[in-house]
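As provided, run-v7.pdb (PDB, C-alpha atoms, pLDDT in the B column) reads as follows.
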ATOM      1  CA  MET A   1       4.004 -63.258   8.978  1.00 52.00           C
ATOM      2  CA  SER A   2       3.488 -62.451  12.641  1.00 53.00           C
ATOM      3  CA  ASP A   3       0.458 -60.429  13.784  1.00 54.00           C
ATOM      4  CA  ASP A   4       2.791 -57.843  15.293  1.00 54.00           C
ATOM      5  CA  LEU A   5       4.523 -57.321  11.942  1.00 53.00           C
ATOM      6  CA  LYS A   6       1.164 -57.068  10.147  1.00 55.00           C
ATOM      7  CA  LEU A   7       0.038 -54.336  12.559  1.00 55.00           C
ATOM      8  CA  HIS A   8       3.342 -52.474  12.158  1.00 63.00           C
ATOM      9  CA  THR A   9       3.094 -52.700   8.347  1.00 69.00           C
ATOM     10  CA  LYS A  10      -0.532 -51.531   8.320  1.00 73.00           C
ATOM     11  CA  ALA A  11       0.352 -48.595  10.576  1.00 79.00           C
ATOM     12  CA  TYR A  12       3.221 -47.639   8.240  1.00 77.00           C
ATOM     13  CA  PHE A  13       0.953 -47.539   5.197  1.00 73.00           C
ATOM     14  CA  ASN A  14      -1.683 -45.598   7.152  1.00 80.00           C
ATOM     15  CA  ARG A  15       0.965 -42.981   8.007  1.00 83.00           C
ATOM     16  CA  HIS A  16       2.432 -43.002   4.467  1.00 76.00           C
ATOM     17  CA  PRO A  17      -0.430 -43.453   1.971  1.00 76.00           C
ATOM     18  CA  VAL A  18       0.336 -43.587  -1.738  1.00 72.00           C
ATOM     19  CA  LYS A  19      -0.460 -40.196  -3.247  1.00 75.00           C
ATOM     20  CA  GLN A  20      -3.209 -40.104  -5.856  1.00 76.00           C
ATOM     21  CA  TYR A  21      -0.865 -38.623  -8.488  1.00 76.00           C
ATOM     22  CA  SER A  22       2.601 -40.064  -8.048  1.00 74.00           C
ATOM     23  CA  ALA A  23       5.151 -42.289  -9.732  1.00 73.00           C
ATOM     24  CA  ALA A  24       4.241 -45.012  -7.242  1.00 73.00           C
ATOM     25  CA  ARG A  25       0.550 -44.818  -8.198  1.00 73.00           C
ATOM     26  CA  LEU A  26       1.408 -44.868 -11.908  1.00 74.00           C
ATOM     27  CA  GLU A  27       3.647 -47.894 -11.419  1.00 76.00           C
ATOM     28  CA  TYR A  28       0.955 -49.661  -9.403  1.00 77.00           C
ATOM     29  CA  SER A  29      -1.615 -48.963 -12.131  1.00 77.00           C
ATOM     30  CA  MET A  30       0.707 -50.328 -14.814  1.00 77.00           C
ATOM     31  CA  LEU A  31       1.212 -53.499 -12.787  1.00 79.00           C
ATOM     32  CA  LEU A  32      -2.554 -53.918 -12.474  1.00 81.00           C
ATOM     33  CA  MET A  33      -3.180 -53.169 -16.152  1.00 81.00           C
ATOM     34  CA  PRO A  34      -0.219 -54.467 -18.181  1.00 78.00           C
ATOM     35  CA  GLU A  35      -2.331 -54.347 -21.327  1.00 84.00           C
ATOM     36  CA  VAL A  36      -1.887 -50.546 -21.314  1.00 78.00           C
ATOM     37  CA  MET A  37       1.838 -50.967 -22.026  1.00 76.00           C
ATOM     38  CA  ASP A  38       1.045 -53.550 -24.719  1.00 80.00           C
ATOM     39  CA  ILE A  39      -1.183 -50.963 -26.419  1.00 83.00           C
ATOM     40  CA  VAL A  40       1.586 -48.342 -26.179  1.00 76.00           C
ATOM     41  CA  ASP A  41       4.067 -50.808 -27.725  1.00 76.00           C
ATOM     42  CA  GLU A  42       1.582 -51.541 -30.504  1.00 83.00           C
ATOM     43  CA  LYS A  43       1.033 -47.832 -31.249  1.00 82.00           C
ATOM     44  CA  LEU A  44       4.706 -46.838 -31.077  1.00 78.00           C
ATOM     45  CA  PRO A  45       5.513 -47.250 -34.820  1.00 80.00           C
ATOM     46  CA  ARG A  46       2.648 -44.908 -35.733  1.00 86.00           C
ATOM     47  CA  LEU A  47       3.685 -42.496 -32.969  1.00 83.00           C
ATOM     48  CA  ARG A  48       7.196 -42.398 -34.438  1.00 82.00           C
ATOM     49  CA  GLU A  49       5.773 -41.466 -37.851  1.00 86.00           C
ATOM     50  CA  VAL A  50       3.599 -38.674 -36.452  1.00 88.00           C
ATOM     51  CA  ALA A  51       6.399 -37.394 -34.221  1.00 86.00           C
ATOM     52  CA  ALA A  52       8.895 -37.376 -37.118  1.00 85.00           C
ATOM     53  CA  LYS A  53       6.502 -35.289 -39.213  1.00 89.00           C
ATOM     54  CA  ARG A  54       6.420 -32.762 -36.366  1.00 91.00           C
ATOM     55  CA  GLY A  55      10.208 -32.759 -35.978  1.00 90.00           C
ATOM     56  CA  ILE A  56      10.205 -34.781 -32.749  1.00 87.00           C
ATOM     57  CA  HIS A  57      12.665 -37.654 -32.517  1.00 81.00           C
ATOM     58  CA  VAL A  58      11.439 -40.870 -30.890  1.00 77.00           C
ATOM     59  CA  PRO A  59      14.392 -43.267 -30.516  1.00 78.00           C
ATOM     60  CA  ASP A  60      14.402 -46.447 -32.577  1.00 81.00           C
ATOM     61  CA  THR A  61      14.792 -49.498 -30.345  1.00 85.00           C
ATOM     62  CA  THR A  62      15.790 -52.006 -33.039  1.00 88.00           C
ATOM     63  CA  GLU A  63      19.486 -52.078 -32.091  1.00 92.00           C
ATOM     64  CA  LEU A  64      18.795 -52.225 -28.351  1.00 93.00           C
ATOM     65  CA  MET A  65      16.289 -55.050 -28.816  1.00 93.00           C
ATOM     66  CA  ALA A  66      18.800 -57.014 -30.909  1.00 95.00           C
ATOM     67  CA  LYS A  67      21.415 -56.531 -28.187  1.00 95.00           C
ATOM     68  CA  VAL A  68      19.018 -57.858 -25.526  1.00 95.00           C
ATOM     69  CA  GLU A  69      17.995 -60.831 -27.676  1.00 95.00           C
ATOM     70  CA  GLN A  70      21.641 -61.801 -28.256  1.00 96.00           C
ATOM     71  CA  GLU A  71      22.803 -61.298 -24.667  1.00 96.00           C
ATOM     72  CA  GLU A  72      23.202 -64.497 -22.644  1.00 95.00           C
ATOM     73  CA  ASP A  73      25.387 -63.188 -19.807  1.00 96.00           C
ATOM     74  CA  THR A  74      23.172 -62.871 -16.724  1.00 96.00           C
ATOM     75  CA  GLY A  75      25.431 -60.223 -15.190  1.00 95.00           C
ATOM     76  CA  LYS A  76      25.130 -58.019 -18.277  1.00 96.00           C
ATOM     77  CA  LEU A  77      21.347 -58.467 -18.312  1.00 96.00           C
ATOM     78  CA  LEU A  78      21.217 -57.395 -14.658  1.00 96.00           C
ATOM     79  CA  ARG A  79      23.301 -54.310 -15.526  1.00 95.00           C
ATOM     80  CA  MET A  80      20.808 -53.532 -18.317  1.00 95.00           C
ATOM     81  CA  LEU A  81      18.076 -53.676 -15.673  1.00 92.00           C
ATOM     82  CA  ARG A  82      19.785 -50.713 -13.963  1.00 92.00           C
ATOM     83  CA  GLN A  83      19.956 -48.586 -17.105  1.00 91.00           C
ATOM     84  CA  THR A  84      17.449 -46.116 -18.481  1.00 88.00           C
ATOM     85  CA  GLN A  85      15.855 -47.921 -21.394  1.00 88.00           C
ATOM     86  CA  PRO A  86      12.716 -47.492 -23.507  1.00 85.00           C
ATOM     87  CA  PRO A  87       9.771 -49.470 -22.080  1.00 81.00           C
ATOM     88  CA  VAL A  88       9.878 -52.184 -24.751  1.00 84.00           C
ATOM     89  CA  VAL A  89      13.582 -52.823 -24.037  1.00 91.00           C
ATOM     90  CA  ARG A  90      13.045 -52.914 -20.247  1.00 90.00           C
ATOM     91  CA  LYS A  91      10.287 -55.463 -20.791  1.00 89.00           C
ATOM     92  CA  ALA A  92      12.535 -57.631 -22.989  1.00 94.00           C
ATOM     93  CA  VAL A  93      15.323 -57.568 -20.372  1.00 96.00           C
ATOM     94  CA  ARG A  94      12.888 -58.532 -17.598  1.00 93.00           C
ATOM     95  CA  GLU A  95      11.417 -61.361 -19.679  1.00 93.00           C
ATOM     96  CA  LYS A  96      14.878 -62.717 -20.407  1.00 95.00           C
ATOM     97  CA  LEU A  97      15.710 -62.593 -16.691  1.00 96.00           C
ATOM     98  CA  MET A  98      12.411 -64.353 -15.860  1.00 94.00           C
ATOM     99  CA  ASP A  99      13.842 -67.461 -17.516  1.00 94.00           C
ATOM    100  CA  ARG A 100      16.597 -67.331 -14.861  1.00 95.00           C
ATOM    101  CA  GLU A 101      14.368 -66.350 -11.939  1.00 96.00           C
ATOM    102  CA  GLU A 102      15.832 -68.712  -9.366  1.00 95.00           C
ATOM    103  CA  ALA A 103      19.356 -67.502 -10.053  1.00 95.00           C
ATOM    104  CA  VAL A 104      18.628 -63.760 -10.343  1.00 96.00           C
ATOM    105  CA  LEU A 105      15.946 -63.123  -7.708  1.00 97.00           C
ATOM    106  CA  PRO A 106      18.416 -62.862  -4.778  1.00 96.00           C
ATOM    107  CA  GLU A 107      20.508 -60.372  -6.777  1.00 96.00           C
ATOM    108  CA  ILE A 108      17.436 -58.354  -7.760  1.00 96.00           C
ATOM    109  CA  GLN A 109      16.375 -58.216  -4.105  1.00 96.00           C
ATOM    110  CA  ARG A 110      19.869 -56.991  -3.183  1.00 95.00           C
ATOM    111  CA  MET A 111      19.763 -54.416  -5.978  1.00 95.00           C
ATOM    112  CA  ILE A 112      16.458 -52.921  -4.861  1.00 93.00           C
ATOM    113  CA  LEU A 113      17.752 -52.462  -1.317  1.00 93.00           C
ATOM    114  CA  LYS A 114      20.860 -50.591  -2.490  1.00 93.00           C
ATOM    115  CA  ALA A 115      19.440 -48.663  -5.453  1.00 90.00           C
ATOM    116  CA  PHE A 116      19.068 -44.912  -5.499  1.00 88.00           C
ATOM    117  CA  ASN A 117      18.101 -44.911  -9.170  1.00 87.00           C
ATOM    118  CA  ASN A 118      14.327 -44.863  -9.769  1.00 85.00           C
ATOM    119  CA  ASN A 119      14.793 -46.865 -12.962  1.00 86.00           C
ATOM    120  CA  THR A 120      16.470 -49.713 -11.107  1.00 91.00           C
ATOM    121  CA  ILE A 121      13.841 -49.716  -8.376  1.00 90.00           C
ATOM    122  CA  GLU A 122      10.940 -49.730 -10.862  1.00 88.00           C
ATOM    123  CA  ASN A 123      12.497 -52.546 -12.907  1.00 91.00           C
ATOM    124  CA  CYS A 124      13.134 -54.635  -9.790  1.00 93.00           C
ATOM    125  CA  VAL A 125       9.573 -54.081  -8.567  1.00 90.00           C
ATOM    126  CA  ARG A 126       8.182 -55.076 -11.964  1.00 90.00           C
ATOM    127  CA  PHE A 127      10.338 -58.212 -11.942  1.00 94.00           C
ATOM    128  CA  MET A 128       9.188 -59.218  -8.453  1.00 94.00           C
ATOM    129  CA  ALA A 129       5.544 -58.507  -9.339  1.00 90.00           C
ATOM    130  CA  LYS A 130       5.706 -60.732 -12.411  1.00 90.00           C
ATOM    131  CA  CYS A 131       8.009 -63.537 -11.314  1.00 93.00           C
ATOM    132  CA  GLY A 132       6.701 -66.928 -10.232  1.00 94.00           C
ATOM    133  CA  THR A 133       7.933 -66.486  -6.672  1.00 95.00           C
ATOM    134  CA  ASN A 134       5.610 -64.703  -4.265  1.00 94.00           C
ATOM    135  CA  CYS A 135       7.837 -61.900  -2.963  1.00 93.00           C
ATOM    136  CA  SER A 136       5.205 -60.380  -0.628  1.00 88.00           C
ATOM    137  CA  ASP A 137       6.772 -61.565   2.612  1.00 88.00           C
ATOM    138  CA  TRP A 138      10.227 -60.456   1.474  1.00 89.00           C
ATOM    139  CA  ILE A 139       8.883 -56.998   0.533  1.00 83.00           C
ATOM    140  CA  VAL A 140       7.143 -56.556   3.876  1.00 80.00           C
TER     141      VAL A 140
END

Mind turning the file's structure into structure tokens?
Amino acid sequence: MSDDLKLHTKAYFNRHPVKQYSAARLEYSMLLMPEVMDIVDEKLPRLREVAAKRGIHVPDTTELMAKVEQEEDTGKLLRMLRQTQPPVVRKAVREKLMDREEAVLPEIQRMILKAFNNNTIENCVRFMAKCGTNCSDWIV
């Protein structure tokens, strides 16, 4: 990366800092501490029980997870990446796409540039943060 671009990028982030309490900060924290989501996934069955006793419905993800596990069409998996899904399902879709990283990364980069849906953007960011390819230069 050129020094001029580094200075421009630094100036941008100085003018537009990430707010202390924002979706961007939450997303960043989850990327730094993925074990938090693992703990949530682990506690979800108990949460469902407690919620049900209080009359609150927490969706069951069994059918969605089975659909993701059976899906082999890359295009359909990419469409699932755009949809609003429970966290455990989003994670399963991303992991399945990780196995096809070389083929899907260009499409995911295209998606993030055209997306207006926060879900799509967050899923694409998570994919790029976890994939084997260093996407830093592309992001900048």

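Proximity to Gln83 of chain A was assessed for A:Thr62, A:Val104, A:Asn118, A:Gln70 counting all atoms listed in the file; the smallest distance is recorded for A:Asn118.
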
Spell out the residues picked by the PyMOL selection byres ((chain A and resi 80) around 12) here, as an NGL selection string. :A and (64-65 or 67-68 or 71 or 73-79 or 81-86 or 89-94 or 96-97 or 119-120 or 123-124)

Go through the shown structure with the PyMOL selection byres ((chain A and resi 133) around 12) and write out the matching residues as a list of chain:residue names.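 When the PyMOL selection byres ((chain A and resi 133) around 12) is applied to the shown file, the picked residues are A:Met98, A:Arg100, A:Glu101, A:Glu102, A:Ala103, A:Val104, A:Leu105, A:Pro106, A:Phe127, A:Met128, A:Ala129, A:Lys130, A:Cys131, A:Gly132, A:Asn134, A:Cys135, A:Ser136, A:Asp137, A:Trp138, A:Ile139.
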
Would you compute the distance between atom CA of Glu72 of chain A and atom CA of Glu107 of chain A? Give it in Å to one decimal.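 Atom-to-atom, atom CA of Glu72 of chain A to atom CA of Glu107 of chain A, that is 16.6 Å.
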
Would you compute the distance between atom CA of Met33 of chain A and atom CA of Ile121 of chain A? Give it in Å to one decimal.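 Separation of atom CA of Met33 of chain A and atom CA of Ile121 of chain A: 19.0 Å.
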
Evaluate the PyMOL selection byres ((chain A and resi 58) around 12) here and jot the selected residues down as JSON, numbers by chain. {"A": [44, 45, 46, 47, 48, 49, 50, 51, 52, 53, 54, 55, 56, 57, 59, 60, 61, 86]}

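We find atom CA of Val140 of chain A and atom CA of Met37 of chain A to be spaced 27.0 Å apart.
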
Atoms are missing here; could segment 38-72 of chain A be completed with N, CA and C atoms and written as a short mmCIF file (atom, residue, chain, number, x, y, z; two decimals), keeping the file's coordinate frame?
data_model
loop_
_atom_site.label_atom_id
_atom_site.label_comp_id
_atom_site.auth_asym_id
_atom_site.auth_seq_id
_atom_site.Cartn_x
_atom_site.Cartn_y
_atom_site.Cartn_z
N ASP A 38 1.12 -52.81 -23.45
CA ASP A 38 1.04 -53.55 -24.72
C ASP A 38 0.45 -52.66 -25.82
N ILE A 39 -0.56 -51.88 -25.46
CA ILE A 39 -1.18 -50.96 -26.42
C ILE A 39 -0.19 -49.88 -26.83
N VAL A 40 0.57 -49.36 -25.87
CA VAL A 40 1.59 -48.34 -26.18
C VAL A 40 2.62 -48.94 -27.14
N ASP A 41 3.09 -50.15 -26.86
CA ASP A 41 4.07 -50.81 -27.72
C ASP A 41 3.51 -50.99 -29.14
N GLU A 42 2.24 -51.33 -29.21
CA GLU A 42 1.58 -51.54 -30.50
C GLU A 42 1.47 -50.24 -31.30
N LYS A 43 1.23 -49.14 -30.60
CA LYS A 43 1.03 -47.83 -31.25
C LYS A 43 2.34 -47.09 -31.52
N LEU A 44 3.44 -47.55 -30.97
CA LEU A 44 4.71 -46.84 -31.08
C LEU A 44 5.17 -46.59 -32.51
N PRO A 45 5.07 -47.56 -33.44
CA PRO A 45 5.51 -47.25 -34.82
C PRO A 45 4.74 -46.07 -35.43
N ARG A 46 3.45 -46.02 -35.21
CA ARG A 46 2.65 -44.91 -35.73
C ARG A 46 3.02 -43.60 -35.03
N LEU A 47 3.26 -43.67 -33.73
CA LEU A 47 3.68 -42.50 -32.97
C LEU A 47 4.99 -41.94 -33.51
N ARG A 48 5.91 -42.84 -33.86
CA ARG A 48 7.20 -42.40 -34.44
C ARG A 48 6.97 -41.61 -35.73
N GLU A 49 6.06 -42.13 -36.58
CA GLU A 49 5.77 -41.47 -37.85
C GLU A 49 5.22 -40.06 -37.61
N VAL A 50 4.23 -39.96 -36.75
CA VAL A 50 3.60 -38.67 -36.45
C VAL A 50 4.62 -37.73 -35.82
N ALA A 51 5.40 -38.23 -34.89
CA ALA A 51 6.40 -37.39 -34.22
C ALA A 51 7.43 -36.89 -35.22
N ALA A 52 7.90 -37.77 -36.12
CA ALA A 52 8.90 -37.38 -37.12
C ALA A 52 8.37 -36.25 -38.01
N LYS A 53 7.10 -36.34 -38.38
CA LYS A 53 6.50 -35.29 -39.21
C LYS A 53 6.47 -33.94 -38.48
N ARG A 54 6.45 -33.98 -37.17
CA ARG A 54 6.42 -32.76 -36.37
C ARG A 54 7.81 -32.36 -35.88
N GLY A 55 8.83 -33.09 -36.34
CA GLY A 55 10.21 -32.76 -35.98
C GLY A 55 10.63 -33.26 -34.61
N ILE A 56 9.88 -34.21 -34.06
CA ILE A 56 10.20 -34.78 -32.75
C ILE A 56 10.82 -36.15 -32.97
N HIS A 57 11.97 -36.37 -32.36
CA HIS A 57 12.66 -37.65 -32.52
C HIS A 57 12.25 -38.63 -31.42
N VAL A 58 11.74 -39.77 -31.82
CA VAL A 58 11.44 -40.87 -30.89
C VAL A 58 12.46 -41.95 -31.20
N PRO A 59 13.31 -42.32 -30.24
CA PRO A 59 14.39 -43.27 -30.52
C PRO A 59 13.90 -44.60 -31.08
N ASP A 60 14.67 -45.12 -32.01
CA ASP A 60 14.40 -46.45 -32.58
C ASP A 60 15.04 -47.48 -31.64
N THR A 61 14.30 -48.50 -31.31
CA THR A 61 14.79 -49.50 -30.34
C THR A 61 15.32 -50.76 -31.01
N THR A 62 15.39 -50.80 -32.32
CA THR A 62 15.79 -52.01 -33.04
C THR A 62 17.14 -52.53 -32.57
N GLU A 63 18.14 -51.65 -32.50
CA GLU A 63 19.49 -52.08 -32.09
C GLU A 63 19.51 -52.56 -30.64
N LEU A 64 18.84 -51.83 -29.76
CA LEU A 64 18.80 -52.22 -28.35
C LEU A 64 18.11 -53.58 -28.18
N MET A 65 17.01 -53.78 -28.90
CA MET A 65 16.29 -55.05 -28.82
C MET A 65 17.16 -56.21 -29.32
N ALA A 66 17.90 -55.97 -30.38
CA ALA A 66 18.80 -57.01 -30.91
C ALA A 66 19.87 -57.34 -29.88
N LYS A 67 20.39 -56.32 -29.22
CA LYS A 67 21.42 -56.53 -28.19
C LYS A 67 20.87 -57.38 -27.04
N VAL A 68 19.64 -57.09 -26.60
CA VAL A 68 19.02 -57.86 -25.53
C VAL A 68 18.79 -59.30 -25.97
N GLU A 69 18.28 -59.48 -27.17
CA GLU A 69 18.00 -60.83 -27.68
C GLU A 69 19.26 -61.68 -27.77
N GLN A 70 20.39 -61.06 -28.10
CA GLN A 70 21.64 -61.80 -28.26
C GLN A 70 22.36 -62.04 -26.93
N GLU A 71 22.07 -61.22 -25.93
CA GLU A 71 22.80 -61.30 -24.67
C GLU A 71 22.43 -62.54 -23.86
N GLU A 72 23.43 -63.31 -23.46
CA GLU A 72 23.20 -64.50 -22.64
C GLU A 72 23.85 -64.39 -21.27
#
